>>> print(open('protein.cif').read())   # mmCIF, C-alpha atoms and all ligand atoms
data_upload
#
loop_
_atom_site.label_atom_id
_atom_site.label_comp_id
_atom_site.auth_asym_id
_atom_site.auth_seq_id
_atom_site.Cartn_x
_atom_site.Cartn_y
_atom_site.Cartn_z
CA MET A 538 -7.62 -27.75 -28.77
CA ASP A 539 -7.98 -24.02 -28.96
CA ASN A 540 -5.55 -21.37 -27.86
CA LYS A 541 -7.75 -20.28 -25.00
CA THR A 542 -7.50 -23.69 -23.37
CA PHE A 543 -3.80 -24.12 -23.82
CA GLY A 544 -2.69 -20.58 -23.31
CA ILE A 545 -0.37 -20.32 -26.29
CA GLY A 546 -0.51 -16.76 -27.51
CA TYR A 547 -1.80 -15.51 -24.17
CA MET A 548 1.62 -14.76 -22.82
CA PRO A 549 2.60 -11.12 -22.77
CA LEU A 550 5.73 -12.09 -20.92
CA ARG A 551 7.11 -13.92 -23.93
CA ILE A 552 10.67 -12.75 -24.58
CA ASN A 553 11.58 -11.73 -28.10
CA PHE A 554 14.69 -13.89 -28.42
CA ALA A 555 14.90 -13.33 -32.17
CA ALA A 556 15.71 -9.69 -31.51
CA MET A 557 18.82 -10.65 -29.55
CA ASN A 558 22.27 -10.97 -31.01
CA ASN A 559 23.76 -13.79 -29.04
CA ALA A 560 23.22 -16.54 -26.51
CA PHE A 561 24.40 -14.41 -23.61
CA GLU A 562 21.76 -11.76 -24.36
CA GLN A 563 19.11 -14.48 -24.43
CA VAL A 564 20.24 -16.03 -21.17
CA LYS A 565 20.49 -12.58 -19.59
CA ALA A 566 16.96 -11.69 -20.70
CA THR A 567 15.66 -14.97 -19.35
CA ILE A 568 17.32 -14.47 -15.98
CA THR A 569 16.46 -10.81 -15.56
CA GLN A 570 12.89 -11.10 -16.86
CA ARG A 571 12.01 -14.06 -14.67
CA ARG A 572 9.48 -12.66 -12.21
CA SER A 573 7.43 -14.13 -9.42
CA ALA A 574 3.85 -13.88 -10.67
CA LYS A 575 1.25 -13.52 -7.94
CA LEU A 576 -1.17 -16.43 -8.12
CA ALA A 577 -4.10 -14.04 -8.45
CA THR A 578 -2.64 -12.75 -11.73
CA MET A 579 -2.65 -16.20 -13.35
CA ASN A 580 -5.50 -16.71 -15.79
CA GLY A 581 -6.35 -20.40 -15.49
CA ASN A 582 -5.06 -21.37 -18.92
CA ILE A 583 -3.44 -24.78 -19.00
CA ILE A 584 0.17 -25.57 -19.94
CA PRO A 585 0.51 -28.76 -21.99
CA ASP A 586 1.97 -31.49 -19.75
CA GLU A 587 4.70 -32.03 -22.37
CA GLN A 588 6.06 -28.54 -21.68
CA VAL A 589 6.05 -29.13 -17.94
CA LYS A 590 7.96 -32.36 -18.54
CA GLU A 591 10.54 -30.39 -20.50
CA LEU A 592 10.96 -28.06 -17.54
CA LEU A 593 11.42 -31.02 -15.21
CA GLU A 594 14.04 -32.33 -17.60
CA LEU A 595 15.88 -29.02 -17.24
CA ALA A 596 15.71 -29.42 -13.47
CA HIS A 597 17.55 -32.70 -13.83
CA TRP A 598 20.52 -30.89 -15.39
CA ALA A 599 21.36 -28.94 -12.25
CA PRO A 600 24.88 -29.41 -10.93
CA THR A 601 25.35 -31.78 -8.01
CA HIS A 602 28.26 -32.78 -5.84
CA GLY A 603 28.89 -36.51 -6.08
CA ARG A 604 26.18 -37.01 -8.69
CA THR A 605 23.62 -37.38 -5.96
CA GLU A 606 20.83 -35.67 -7.97
CA PRO A 607 19.03 -34.96 -4.71
CA TRP A 608 15.57 -33.91 -5.85
CA ASN A 609 12.05 -35.15 -6.20
CA PHE A 610 9.22 -33.23 -7.82
CA PHE A 611 5.56 -33.87 -7.12
CA VAL A 612 3.43 -32.55 -9.95
CA TYR A 613 -0.22 -31.60 -9.58
CA THR A 614 -2.61 -30.40 -12.24
CA GLY A 615 -6.35 -30.58 -12.90
CA GLU A 616 -8.30 -32.53 -10.28
CA ALA A 617 -5.11 -33.46 -8.42
CA LEU A 618 -4.25 -29.76 -8.02
CA LYS A 619 -7.75 -29.04 -6.68
CA GLN A 620 -7.47 -31.97 -4.30
CA PHE A 621 -4.05 -30.78 -3.12
CA GLY A 622 -5.54 -27.36 -2.33
CA LYS A 623 -8.22 -28.98 -0.19
CA ASP A 624 -5.76 -31.33 1.50
CA HIS A 625 -3.37 -28.45 2.19
CA ALA A 626 -6.19 -26.44 3.77
CA ASP A 627 -7.35 -29.46 5.80
CA LEU A 628 -3.82 -30.10 7.05
CA HIS A 629 -3.53 -26.46 8.08
CA TRP A 630 -6.86 -26.70 9.89
CA GLY A 631 -5.76 -29.85 11.66
CA ILE A 632 -2.57 -28.35 13.12
CA THR A 633 -4.05 -24.95 14.02
CA PRO A 634 -5.39 -24.58 17.57
CA GLU A 635 -9.16 -24.05 17.51
CA GLU A 636 -8.96 -20.48 18.82
CA LYS A 637 -6.56 -19.50 16.03
CA ARG A 638 -8.41 -21.07 13.12
CA LEU A 639 -9.56 -18.64 10.44
CA GLU A 640 -11.98 -19.59 7.71
CA ALA A 641 -10.30 -17.04 5.44
CA THR A 642 -6.93 -18.76 5.75
CA TYR A 643 -8.56 -22.12 5.09
CA GLU A 644 -10.23 -20.83 1.95
CA LYS A 645 -7.06 -19.12 0.75
CA LEU A 646 -5.03 -22.30 1.02
CA LYS A 647 -7.81 -24.34 -0.56
CA HIS A 648 -8.05 -22.04 -3.56
CA ASN A 649 -4.40 -20.91 -3.88
CA GLY A 650 -3.84 -22.90 -7.05
CA ASP A 651 -7.21 -22.23 -8.70
CA ASN A 652 -5.74 -19.95 -11.39
CA ALA A 653 -2.52 -21.91 -11.84
CA SER A 654 -2.02 -24.68 -14.37
CA HIS A 655 0.44 -26.91 -12.52
CA LEU A 656 1.94 -27.09 -9.07
CA ILE A 657 5.34 -28.65 -8.60
CA ILE A 658 6.33 -29.41 -5.02
CA ALA A 659 10.11 -29.28 -5.06
CA VAL A 660 11.90 -31.48 -2.57
CA MET A 661 15.49 -31.94 -1.58
CA LYS A 662 15.54 -35.72 -1.45
CA ARG A 663 18.43 -36.75 0.75
CA GLY A 664 20.37 -39.66 -0.66
CA THR A 665 22.59 -42.17 1.09
CA ASN A 666 25.94 -40.49 0.44
CA GLU A 667 26.58 -38.99 3.85
CA LYS A 668 29.89 -37.53 2.67
CA ILE A 669 27.93 -34.84 0.88
CA PRO A 670 26.83 -32.25 3.44
CA GLN A 671 23.13 -31.42 3.61
CA ILE A 672 23.80 -27.82 2.56
CA GLU A 673 25.20 -29.03 -0.76
CA GLU A 674 22.11 -31.13 -1.40
CA ILE A 675 19.89 -28.13 -0.68
CA ALA A 676 22.06 -26.01 -2.97
CA ALA A 677 21.84 -28.53 -5.81
CA ALA A 678 18.08 -28.99 -5.50
CA SER A 679 17.61 -25.22 -5.38
CA ALA A 680 19.60 -24.90 -8.59
CA ALA A 681 17.22 -27.46 -10.10
CA VAL A 682 14.28 -25.29 -9.08
CA GLN A 683 15.88 -22.24 -10.69
CA ASN A 684 16.30 -24.26 -13.89
CA ILE A 685 12.54 -24.80 -13.89
CA LEU A 686 11.85 -21.11 -13.32
CA LEU A 687 14.21 -20.00 -16.07
CA GLY A 688 12.91 -22.58 -18.53
CA ALA A 689 9.38 -21.45 -17.75
CA THR A 690 10.33 -17.82 -18.34
CA ALA A 691 11.82 -18.70 -21.71
CA MET A 692 8.58 -20.53 -22.59
CA GLY A 693 6.41 -17.57 -21.59
CA ILE A 694 5.12 -19.40 -18.54
CA ALA A 695 4.51 -17.49 -15.33
CA SER A 696 5.86 -18.97 -12.13
CA PHE A 697 5.58 -18.44 -8.43
CA TRP A 698 7.82 -20.04 -5.78
CA SER A 699 5.82 -20.16 -2.57
CA SER A 700 6.96 -21.26 0.84
CA GLY A 701 3.61 -20.50 2.41
CA GLY A 702 1.16 -22.76 4.17
CA LEU A 703 2.69 -25.99 5.41
CA THR A 704 5.79 -25.90 3.19
CA HIS A 705 8.11 -26.20 6.17
CA LYS A 706 5.83 -28.22 8.43
CA PRO A 707 6.34 -31.95 9.14
CA GLU A 708 2.70 -32.65 8.26
CA LEU A 709 3.30 -31.82 4.59
CA LYS A 710 6.37 -34.06 4.55
CA GLU A 711 4.24 -36.84 5.98
CA TYR A 712 1.55 -36.18 3.37
CA LEU A 713 4.20 -36.64 0.65
CA LYS A 714 5.63 -39.67 2.46
CA LEU A 715 9.06 -38.04 2.68
CA GLY A 716 11.90 -39.20 4.88
CA PRO A 717 13.07 -37.28 7.97
CA ASP A 718 16.11 -35.87 6.15
CA ASP A 719 14.20 -34.69 3.08
CA ILE A 720 13.29 -31.01 2.84
CA ILE A 721 10.46 -29.36 0.96
CA LEU A 722 12.02 -26.38 -0.83
CA GLY A 723 8.83 -24.83 -2.07
CA LEU A 724 5.55 -25.00 -3.91
CA ILE A 725 6.26 -23.95 -7.48
CA TYR A 726 3.10 -22.80 -9.22
CA LEU A 727 3.14 -22.49 -13.01
CA GLY A 728 0.56 -20.90 -15.24
CA TYR A 729 -0.14 -18.15 -17.68
CA THR A 730 -0.91 -14.54 -17.06
CA ASP A 731 -2.36 -11.76 -19.17
CA GLU A 732 -0.47 -9.16 -17.18
CA ALA A 733 2.72 -7.56 -18.41
CA VAL A 734 5.92 -8.63 -16.70
CA ALA A 735 6.34 -6.66 -13.51
CA GLU A 736 9.33 -4.38 -13.29
CA GLY A 737 12.16 -6.26 -11.60
CA MET A 738 13.19 -4.76 -8.29
CA ARG A 739 16.24 -5.36 -6.12
CA LYS A 740 16.87 -3.56 -2.82
CA THR A 741 20.62 -3.58 -3.22
CA THR A 742 23.07 -3.42 -6.07
CA SER A 743 25.05 -6.48 -7.01
CA ALA A 744 28.21 -4.45 -6.40
CA GLU A 745 27.35 -4.35 -2.69
CA LYS A 746 27.52 -8.14 -2.59
CA VAL A 747 30.65 -8.67 -4.60
CA PHE A 748 34.20 -8.39 -3.34
CA TRP A 749 36.94 -8.51 -5.95
CA MET A 750 40.08 -9.49 -4.08
C1 LIG B 1 12.83 -19.99 -1.18
C2 LIG B 1 11.84 -18.97 -1.65
C3 LIG B 1 10.59 -18.90 -1.06
C4 LIG B 1 9.65 -17.94 -1.47
N1 LIG B 1 8.44 -17.88 -0.84
C5 LIG B 1 7.56 -16.92 -1.17
C6 LIG B 1 6.30 -16.83 -0.52
O1 LIG B 1 5.95 -17.68 0.31
N2 LIG B 1 5.49 -15.81 -0.82
C7 LIG B 1 5.85 -14.87 -1.77
O2 LIG B 1 5.08 -13.94 -2.00
N3 LIG B 1 6.99 -14.97 -2.46
C8 LIG B 1 7.86 -15.96 -2.18
N4 LIG B 1 9.03 -16.07 -2.87
C9 LIG B 1 9.26 -15.21 -4.04
C10 LIG B 1 9.90 -13.91 -3.65
O3 LIG B 1 8.94 -13.08 -3.05
C11 LIG B 1 10.45 -13.23 -4.91
O4 LIG B 1 11.40 -14.08 -5.51
C12 LIG B 1 11.11 -11.91 -4.60
O5 LIG B 1 10.14 -10.99 -4.21
C13 LIG B 1 11.86 -11.33 -5.79
O6 LIG B 1 10.96 -11.12 -6.89
P1 LIG B 1 11.22 -11.80 -8.30
O7 LIG B 1 11.19 -13.30 -8.07
O8 LIG B 1 10.08 -11.35 -9.16
O9 LIG B 1 12.54 -11.34 -8.80
C14 LIG B 1 9.98 -17.02 -2.50
C15 LIG B 1 11.24 -17.11 -3.11
C16 LIG B 1 12.16 -18.07 -2.69
C17 LIG B 1 13.50 -18.14 -3.37
#
>>> encode(input="protein.cif", output="structure tokens")
Amino acid sequence: MDNKTFGIGYMPLRINFAAMNNAFEQVKATITQRRSAKLATMNGNIIPDEQVKELLELAHWAPTHGRTEPWNFFVYTGEALKQFGKDHADLHWGITPEEKRLEATYEKLKHNGDNASHLIIAVMKRGTNEKIPQIEEIAAASAAVQNILLGATAMGIASFWSSGGLTHKPELKEYLKLGPDDIILGLIYLGYTDEAVAEGMRKTTSAEKVFWM
């Protein structure tokens, strides 16, 4: 297998951890250099499944209240990813009134993942412990998603958390055979990019959000 196919060495967003003095600096770099990479900037190179499995293992280490571990991940790559794109577009077409249907939207949904390597559909999978409020299950599953994104960043993998298309529509839940209390948190696309990491941007300062009492 050559580098071109598996992307290794094609990752300008790789962080130079060796240049950092301590674990905090490495964690800080990983958190602050995680960026949402537009799907169009991904280059089609493929991440080895083993690495994606490692990211999913990180997801499983998210904190949970009551050890509910309330997540499911549906992983698509290769033909399955192509098929998902088509199915997603077809579902969109099916629920859109005829007069509002746009070929361009259909094509966009169909080809959204064309340059990505893997798509992970992240789900808050509601368990049977009703003592744990839904918000805590969403919080835990969201932390699991962030673990994936940070792990990916540390591996030089580009990621994009999308809530577009049918993410929040019942038809996608049905497609995944989810229960009524499960919630799709997002479509997490992973891939490689040749583009430099975009400058991080925040509209506010953290100080505006923090109240030391
Ligand atoms: C729950 C959630 C849903 C998101 N959905 C979308 C989306 O549908 N389209 C999009 O362009 N970005 C989406 N994003 C990514 C944000 O646009 C991005 O995180 C934000 O612009 C900050 O940029 P950064 O991730 O590079 O720091 C989503 C992020 C989260 C947390």
>>> residues_near_ligand(input="protein.cif", ligand="ligand LIG 1 (chain B)", cutoff="6 Å", atoms="all atoms listed in the file", output="list of chain:residue names")
A:Arg572, A:Ser573, A:Trp698, A:Ser699, A:Ser700, A:Gly701, A:Gly737
>>> closest_residue(input="protein.cif", among="A:Ile584, A:Ile657, A:Ala735, A:Met579", to="Leu686 of chain A", atoms="only C-alpha atoms")
A:Ile657
>>> residues_around(input="protein.cif", residues="Leu646 of chain A", least_positions_apart="5", cutoff="9 Å", atoms="only C-alpha atoms", output="list in words")
Gly622, Lys623, His625, Ala626, Asp627, His629, Ala641, Gly701 and Gly702 of chain A
>>> write_last_selection(input="protein.cif", atoms="C-alpha atoms", output="JSON list (two decimals), keeping the file's coordinate frame")
[["chain", "number", "residue", "atom", "x", "y", "z"],
["A", 622, "GLY", "CA", -5.54, -27.36, -2.33],
["A", 623, "LYS", "CA", -8.22, -28.98, -0.19],
["A", 625, "HIS", "CA", -3.37, -28.45, 2.19],
["A", 626, "ALA", "CA", -6.19, -26.44, 3.77],
["A", 627, "ASP", "CA", -7.35, -29.46, 5.80],
["A", 629, "HIS", "CA", -3.53, -26.46, 8.08],
["A", 641, "ALA", "CA", -10.30, -17.04, 5.44],
["A", 701, "GLY", "CA", 3.61, -20.50, 2.41],
["A", 702, "GLY", "CA", 1.16, -22.76, 4.17]]
>>> closest_atom_pairs(input="protein.cif", of="segment 627-702 of chain A", to="segment 562-569 of chain A", cutoff="12 Å", atoms="all atoms listed in the file", output="tab-separated table")
residue	atom	partner	partner_atom	distance
A:Gln683	CA	A:Ile568	CA	9.5
A:Asn684	CA	A:Ile568	CA	10.1
A:Ile685	CA	A:Ile568	CA	11.6
A:Leu686	CA	A:Ile568	CA	9.0
A:Leu687	CA	A:Thr567	CA	6.2
A:Gly688	CA	A:Thr567	CA	8.1
A:Ala689	CA	A:Thr567	CA	9.2
A:Thr690	CA	A:Thr567	CA	6.1
A:Ala691	CA	A:Thr567	CA	5.9
A:Met692	CA	A:Thr567	CA	9.6
A:Gly693	CA	A:Thr567	CA	9.9
A:Ile694	CA	A:Thr567	CA	11.5
>>> closest_residue(input="protein.cif", among="A:Asn559, A:Ser696, A:Leu727, A:Val660", to="Leu618 of chain A", atoms="only C-alpha atoms")
A:Leu727
>>> closest_residue(input="protein.cif", among="A:Val747, A:Thr665, A:Phe611, A:Glu616", to="Ile721 of chain A", atoms="only C-alpha atoms")
A:Phe611
>>> atom_distance(input="protein.cif", atom1="atom CA of Ala596 of chain A", atom2="atom CA of Leu628 of chain A")
28.3 Å
>>> atom_distance(input="protein.cif", atom1="atom CA of Asn666 of chain A", atom2="atom CA of Glu606 of chain A")
11.0 Å
>>> closest_residue(input="protein.cif", among="A:Thr601, A:Gln588, A:Thr578, A:Thr642", to="Ala676 of chain A", atoms="all atoms listed in the file")
A:Thr601
>>> atom_distance(input="protein.cif", atom1="atom CA of Phe621 of chain A", atom2="atom CA of Leu715 of chain A")
16.1 Å
>>> closest_residue(input="protein.cif", among="A:Ala617, A:Ala599, A:Val734, A:Leu709", to="Ile675 of chain A", atoms="all atoms listed in the file")
A:Ala599
>>> closest_residue(input="protein.cif", among="A:Met738, A:Pro607, A:Ile583, A:Lys637", to="Ile669 of chain A", atoms="only C-alpha atoms")
A:Pro607
>>> residues_around(input="protein.cif", residues="Met661 of chain A", least_positions_apart="5", cutoff="9 Å", atoms="only C-alpha atoms", output="number ranges by chain")
A: 607-610, 674-679, 718-722
>>> write_last_selection(input="protein.cif", atoms="C-alpha atoms", output="tab-separated table (two decimals), in the frame of the given file")
chain	number	residue	atom	x	y	z
A	607	PRO	CA	19.03	-34.96	-4.71
A	608	TRP	CA	15.57	-33.91	-5.85
A	609	ASN	CA	12.05	-35.15	-6.20
A	610	PHE	CA	9.22	-33.23	-7.82
A	674	GLU	CA	22.11	-31.13	-1.40
A	675	ILE	CA	19.89	-28.13	-0.68
A	676	ALA	CA	22.06	-26.01	-2.97
A	677	ALA	CA	21.84	-28.53	-5.81
A	678	ALA	CA	18.08	-28.99	-5.50
A	679	SER	CA	17.61	-25.22	-5.38
A	718	ASP	CA	16.11	-35.87	6.15
A	719	ASP	CA	14.20	-34.69	3.08
A	720	ILE	CA	13.29	-31.01	2.84
A	721	ILE	CA	10.46	-29.36	0.96
A	722	LEU	CA	12.02	-26.38	-0.83
>>> axis_aligned_box(input="protein.cif", around="segment 638-650 of chain A", padding_each_side="5 Å", output="JSON")
{"center_x": -7.9, "center_y": -20.7, "center_z": 3.0, "size_x": 18.1, "size_y": 17.3, "size_z": 30.2}
>>> residues_around(input="protein.cif", residues="Glu736 of chain A", least_positions_apart="3", cutoff="12 Å", atoms="all atoms listed in the file", output="MDAnalysis selection string")
chainID A and resid 550 569:574 732:733 739
>>> write_last_selection(input="protein.cif", atoms="C-alpha atoms", output="PDB file, in the frame of the given file")
ATOM      1  CA  LEU A 550       5.730 -12.090 -20.920  1.00  0.00           C
ATOM      2  CA  THR A 569      16.460 -10.810 -15.560  1.00  0.00           C
ATOM      3  CA  GLN A 570      12.890 -11.100 -16.860  1.00  0.00           C
ATOM      4  CA  ARG A 571      12.010 -14.060 -14.670  1.00  0.00           C
ATOM      5  CA  ARG A 572       9.480 -12.660 -12.210  1.00  0.00           C
ATOM      6  CA  SER A 573       7.430 -14.130  -9.420  1.00  0.00           C
ATOM      7  CA  ALA A 574       3.850 -13.880 -10.670  1.00  0.00           C
ATOM      8  CA  GLU A 732      -0.470  -9.160 -17.180  1.00  0.00           C
ATOM      9  CA  ALA A 733       2.720  -7.560 -18.410  1.00  0.00           C
ATOM     10  CA  ARG A 739      16.240  -5.360  -6.120  1.00  0.00           C
TER      11      ARG A 739
END
>>> residues_near_point(input="protein.cif", point="(-2.6, -26.1, -13.1)", cutoff="6 Å", atoms="all atoms listed in the file", output="number ranges by chain")
A: 614-615, 653-655
